[in-house]
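Below: one structure, written as structure tokens.
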Amino acid sequence: MFTKDRLITSLFLLLSLVLVGHFVYFCIGWNVFVSLSDWKGLAPSYNIVGFDQYLRLFHDPVFLTSLKNNLILILLFVPGTLFLGLFLAILLDLKVRGEGVFRGIYLLPFALSFVVTATLWAWMYNLKIGVINTLLGKTGLEFLKSGWITDPNIALYCVVLALIWQFAGYTMLIFLAGIRSIPESQIRAAEVDGASGFNLYRRVVIPQLKAPALSAFVVLMVFALKAFDFIFVLTDGGPGYRTYVLALMMFRWTFSKNEFAYGAAIATILFLLALVIVVPYLYLSFRREKE
Amino acid sequence: MRSPKPRRVILYILLVFSVFLFLLPLWACITTSFKTVKDLIYTTPVEPPLSPTVAPLITAFNIMVRPLLNSFTFTVAAMILSCLLGSINGYILTKIKFRGSNIVFLFFTIGIFIPYQAVLVPLVLTMSKLGLYNQIGGLILAHTAYGIPITTLLFRNFYGLIPDSVIMAAKTDGAGTWTIYRRIVLPLSLLPFVVAAVFQFTSIWNDFLFGVVLARGSEVQPASVALANLKGTTEFQWNVQMAGTLWYALPVLVIYLILAKYLIRGYMAGAVKG
């Protein structure tokens, strides 16, 4: 029976399907198509040349540097954020007075725009009158002063540090919820067995945080792959190409150099890398939901 | 009087030290926004200004006011549209049994995780074709479309908690699907609407990527893009830059202060910024 009511709901669902279908799926396909062409310059060209752009990428030092930097981001930012978040969650779980206030403060950076946090950290890292260097000067730690994001040797690590600062509150939130969902009886039982303090967390609590750790891990990994705004505003990839990442290179080559096919190829690689992380995760969570 | 255990003291020292680290950048931003150029040199960023001034805030406001209004316009519009569509999708996916509903849900969910770089070039082409490039309408359309996956997830989670018996009762009274949505589901949806709206407002307001590819340098450019430009042009006027940052962050800070609890529910449901 197809009533007027049914028609209205169906039309709304159809609208959503068309929007997501076009802007997500069709656009991804279109982007792959562009990446197989030779489109360079402002006028679109759909002259298909196959995998030329991809072959070019693997000989491009900027691409290899960007890929390496994304990898460093994954290796440092992801575990760093997970550990700091876990640490803060455990601290807050120790029956802290004013827990809500602490939680609210640690999570605050995560709510802010990357453009805001990047501007804040530009001021933190500023060489001459910035926050960190003047604080070091005031506290007699003059010798620790540094160019930070302008120093080619440590610029990338400065980016990582600031990103951990922004995301740690998020992992704290996820872990704290995980800890709180462990049945009280299990904690009691372990305490009767003589576990306390650090041991209690290591033996009883942390092993039960696999599910929240996995979901936070996926979110952080995908972010580490697609990181763009923060780096664009803070360092713009500099000094040199020291903080270049794939998403930034994609943007620069596409929208500054009009190398549309080349940029599309970088975007396709980013997409495939994200799929490697997301698909197994979605598969797992859908199976869990069915059970 | 019992003295506190040394371990508790260490705990609170760690917590307070963390508060210092987490708030330092924001504190330095606030103090700097009220400083004269002279104070910038004679005080460190963590110290309050010697002679407080609102001049940087006024300068920054004059630069940012138009972009802030732009951001406000498309953020509110796309927030409302994506919440409405997400609500209807969530209702359909939980309360109307149809074949392939799991596939439809997966279809939406994947959209949450894709890196937007993978759609940027076609996105720009689409908007040019529709005549929406460098238009507020283009930003509204993009943020609505890419907001649907997450709002659908949020509403679906919530509507899963409404007992089917409520819907069945209305059905036996002869109400159709749309009537049930309007008369029964929608009035029960205040909470998910607040959660989804708060989440959508902050993430659309915070967006930079869509703004920079769809409306950079135009009349309708968002505040995020204007702030990034300000950073590029006022190299040494850190007070103006920090004041601009403060203006742009203000709506989110206010929302965070009043509605953090709802934003947290969004984060917990897997709604994460792009």
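In the structure tokens, chains take letters A, B, ... by order of appearance, with residues numbered from 1 within each chain and ligands from 1 in the order shown.
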
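If we count only C-alpha atoms, these residues of chain A sit within 6 Å of chain B: A:Asp5, A:Arg6, A:Thr9, A:Leu19, A:Val20, A:Cys27, A:Ile28, A:Ser113, A:Val116, A:Leu120, A:Val131, A:Thr134, A:Lys226, A:Ala267, A:Thr268, A:Phe271.
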
Limited to N, CA and C atoms, could you put the picked residues into a file as a tab-separated table (two decimals), in the first residue's frame?
```tsv
chain	number	residue	atom	x	y	z
A	5	ASP	N	1.44	9.31	3.14
A	5	ASP	CA	2.43	9.30	4.23
A	5	ASP	C	3.72	8.61	3.83
A	6	ARG	N	3.55	7.43	3.25
A	6	ARG	CA	4.70	6.64	2.80
A	6	ARG	C	5.53	7.45	1.79
A	9	THR	N	7.77	10.19	3.52
A	9	THR	CA	8.97	9.63	4.16
A	9	THR	C	9.95	9.11	3.11
A	19	LEU	N	21.87	12.91	-1.97
A	19	LEU	CA	22.93	13.81	-1.52
A	19	LEU	C	24.19	13.04	-1.16
A	20	VAL	N	24.04	12.02	-0.27
A	20	VAL	CA	25.22	11.24	0.13
A	20	VAL	C	25.74	10.45	-1.07
A	27	CYS	N	31.33	11.26	-6.06
A	27	CYS	CA	32.51	12.14	-6.08
A	27	CYS	C	33.81	11.35	-5.90
A	28	ILE	N	33.77	10.30	-5.07
A	28	ILE	CA	34.97	9.46	-4.92
A	28	ILE	C	35.32	8.81	-6.26
A	113	SER	N	38.30	24.68	16.83
A	113	SER	CA	38.69	24.52	15.43
A	113	SER	C	40.21	24.35	15.32
A	116	VAL	N	41.88	27.61	15.07
A	116	VAL	CA	42.11	28.25	16.37
A	116	VAL	C	43.34	27.65	17.05
A	120	LEU	N	46.88	29.41	18.04
A	120	LEU	CA	47.36	29.42	19.43
A	120	LEU	C	48.78	28.86	19.52
A	131	VAL	N	55.19	32.30	23.67
A	131	VAL	CA	54.91	31.85	25.02
A	131	VAL	C	56.03	30.97	25.59
A	134	THR	N	59.63	32.77	25.96
A	134	THR	CA	59.70	33.78	27.03
A	134	THR	C	59.57	33.12	28.41
A	226	LYS	N	44.60	12.08	7.36
A	226	LYS	CA	44.00	13.18	6.62
A	226	LYS	C	44.32	14.55	7.20
A	267	ALA	N	44.83	12.08	-3.57
A	267	ALA	CA	43.59	11.91	-2.81
A	267	ALA	C	43.12	10.46	-2.83
A	268	THR	N	43.27	9.81	-3.99
A	268	THR	CA	42.85	8.41	-4.09
A	268	THR	C	43.69	7.54	-3.17
A	271	PHE	N	42.54	7.99	0.30
A	271	PHE	CA	41.26	7.29	0.48
A	271	PHE	C	41.49	5.79	0.70
```

Could you give me, as an MDAnalysis selection string, each residue of segment 25-269 of chain B that DSSP assigns to helix (DSSP H, G or I) when run on this structure's backbone? chainID B and resid 25:33 37:42 55:95 101:113 116:129 136:159 164:172 177:188 190:206 209:215 223:233 238:268

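The list of residues with at least one atom within 12 Å of Pro280 of chain A, based on only C-alpha atoms and without residues fewer than 5 positions apart in the same chain, reads Leu214, Ser215, Val218, Ala274, Leu275, Ser285, Phe286 and Arg287 of chain A; Ile110 of chain B.
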
Generate a file of the selected residues that holds N, CA, C and O atoms, formatted as a compact mmCIF listing (two decimals), in the first residue's frame.
```txt
# COMPACT_ATOMS: atom_id res chain seq x y z
N LEU A 214 40.15 0.50 20.69
CA LEU A 214 40.06 0.26 19.25
C LEU A 214 39.34 1.40 18.54
O LEU A 214 39.80 1.89 17.51
N SER A 215 38.21 1.85 19.12
CA SER A 215 37.48 2.91 18.42
C SER A 215 38.28 4.22 18.42
O SER A 215 38.32 4.92 17.41
N VAL A 218 41.04 3.90 15.75
CA VAL A 218 40.59 4.11 14.37
C VAL A 218 40.42 5.61 14.08
O VAL A 218 40.89 6.11 13.06
N ALA A 274 42.83 5.10 4.11
CA ALA A 274 41.78 5.19 5.12
C ALA A 274 40.90 3.95 5.11
O ALA A 274 40.52 3.44 6.16
N LEU A 275 40.61 3.44 3.91
CA LEU A 275 39.78 2.23 3.80
C LEU A 275 40.41 1.05 4.52
O LEU A 275 39.73 0.28 5.18
N SER A 285 32.40 -3.99 13.87
CA SER A 285 31.32 -3.42 14.67
C SER A 285 29.95 -3.84 14.15
O SER A 285 29.02 -4.01 14.93
N PHE A 286 29.81 -4.03 12.84
CA PHE A 286 28.53 -4.50 12.32
C PHE A 286 28.26 -5.93 12.75
O PHE A 286 27.14 -6.29 13.08
N ARG A 287 29.32 -6.75 12.79
CA ARG A 287 29.14 -8.14 13.23
C ARG A 287 28.75 -8.17 14.70
O ARG A 287 27.89 -8.93 15.11
N ILE B 110 29.58 4.82 6.20
CA ILE B 110 30.89 4.95 5.55
C ILE B 110 31.23 6.42 5.32
O ILE B 110 32.38 6.83 5.45
```

Show which residues sit within 6 Å of segment 244-261 of chain A, as a VMD selection string. Count only C-alpha atoms, and ignore same-chain residues fewer than 6 positions away. chain A and resid 34 to 35 37 to 41 66 69 to 70 226 228 237

Just-selected residues, N, CA, C and O atoms written as a CSV table (one decimal), in the first residue's frame:
```csv
chain,number,residue,atom,x,y,z
A,34,VAL,N,39.4,11.2,-12.5
A,34,VAL,CA,40.2,12.4,-12.7
A,34,VAL,C,41.7,12.0,-12.6
A,34,VAL,O,42.6,12.4,-13.3
A,35,SER,N,42.0,11.1,-11.5
A,35,SER,CA,43.3,10.7,-11.3
A,35,SER,C,43.9,9.9,-12.4
A,35,SER,O,45.1,9.7,-12.5
A,37,SER,N,43.4,10.6,-15.5
A,37,SER,CA,43.5,11.5,-16.7
A,37,SER,C,44.8,12.3,-16.7
A,37,SER,O,45.7,12.1,-15.9
A,38,ASP,N,44.9,13.2,-17.7
A,38,ASP,CA,46.1,14.0,-17.7
A,38,ASP,C,45.8,15.5,-17.4
A,38,ASP,O,46.5,16.4,-17.8
A,39,TRP,N,44.7,15.7,-16.7
A,39,TRP,CA,44.2,17.1,-16.4
A,39,TRP,C,45.2,17.9,-15.7
A,39,TRP,O,45.5,17.6,-14.5
A,40,LYS,N,45.6,18.9,-16.3
A,40,LYS,CA,46.6,19.9,-15.7
A,40,LYS,C,46.1,21.2,-16.2
A,40,LYS,O,45.8,21.4,-17.4
A,41,GLY,N,46.1,22.2,-15.4
A,41,GLY,CA,45.6,23.5,-15.8
A,41,GLY,C,44.1,23.7,-15.5
A,41,GLY,O,43.5,22.7,-15.1
A,66,SER,N,56.1,13.4,2.3
A,66,SER,CA,54.8,13.6,2.9
A,66,SER,C,54.4,12.2,3.5
A,66,SER,O,53.9,12.2,4.6
A,69,ASN,N,56.2,11.6,6.6
A,69,ASN,CA,55.7,12.4,7.7
A,69,ASN,C,54.4,11.9,8.2
A,69,ASN,O,54.1,11.9,9.4
A,70,ASN,N,53.5,11.4,7.3
A,70,ASN,CA,52.2,10.8,7.8
A,70,ASN,C,52.5,9.6,8.6
A,70,ASN,O,51.8,9.4,9.7
A,226,LYS,N,44.6,12.1,7.4
A,226,LYS,CA,44.0,13.2,6.6
A,226,LYS,C,44.3,14.6,7.2
A,226,LYS,O,43.8,15.6,6.7
A,228,PHE,N,45.2,18.1,8.0
A,228,PHE,CA,45.4,19.1,7.0
A,228,PHE,C,45.4,20.5,7.6
A,228,PHE,O,46.4,21.2,7.7
A,237,GLY,N,53.5,23.3,6.0
A,237,GLY,CA,54.4,22.3,5.4
A,237,GLY,C,55.9,22.5,5.7
A,237,GLY,O,56.8,21.7,5.5
```

Excluding same-chain residues fewer than 5 positions from Trp165 of chain A, what lies within 12 Å of it counting only C-alpha atoms, as a PyMOL selection string? (chain A and resi 77-78+80-85+88+105-110+112+114+117-118+120-121+158-160+170-172) or (chain B and resi 18-25)

One decimal place gives the atom CA of Asp39 of chain B-atom CA of Trp148 of chain A separation as 23.4 Å

Return the single residue from B:Lys171, B:Arg265, B:Lys35, B:Arg156 that is closest to Ser189 of chain B, with distances computed using only C-alpha atoms. B:Arg156
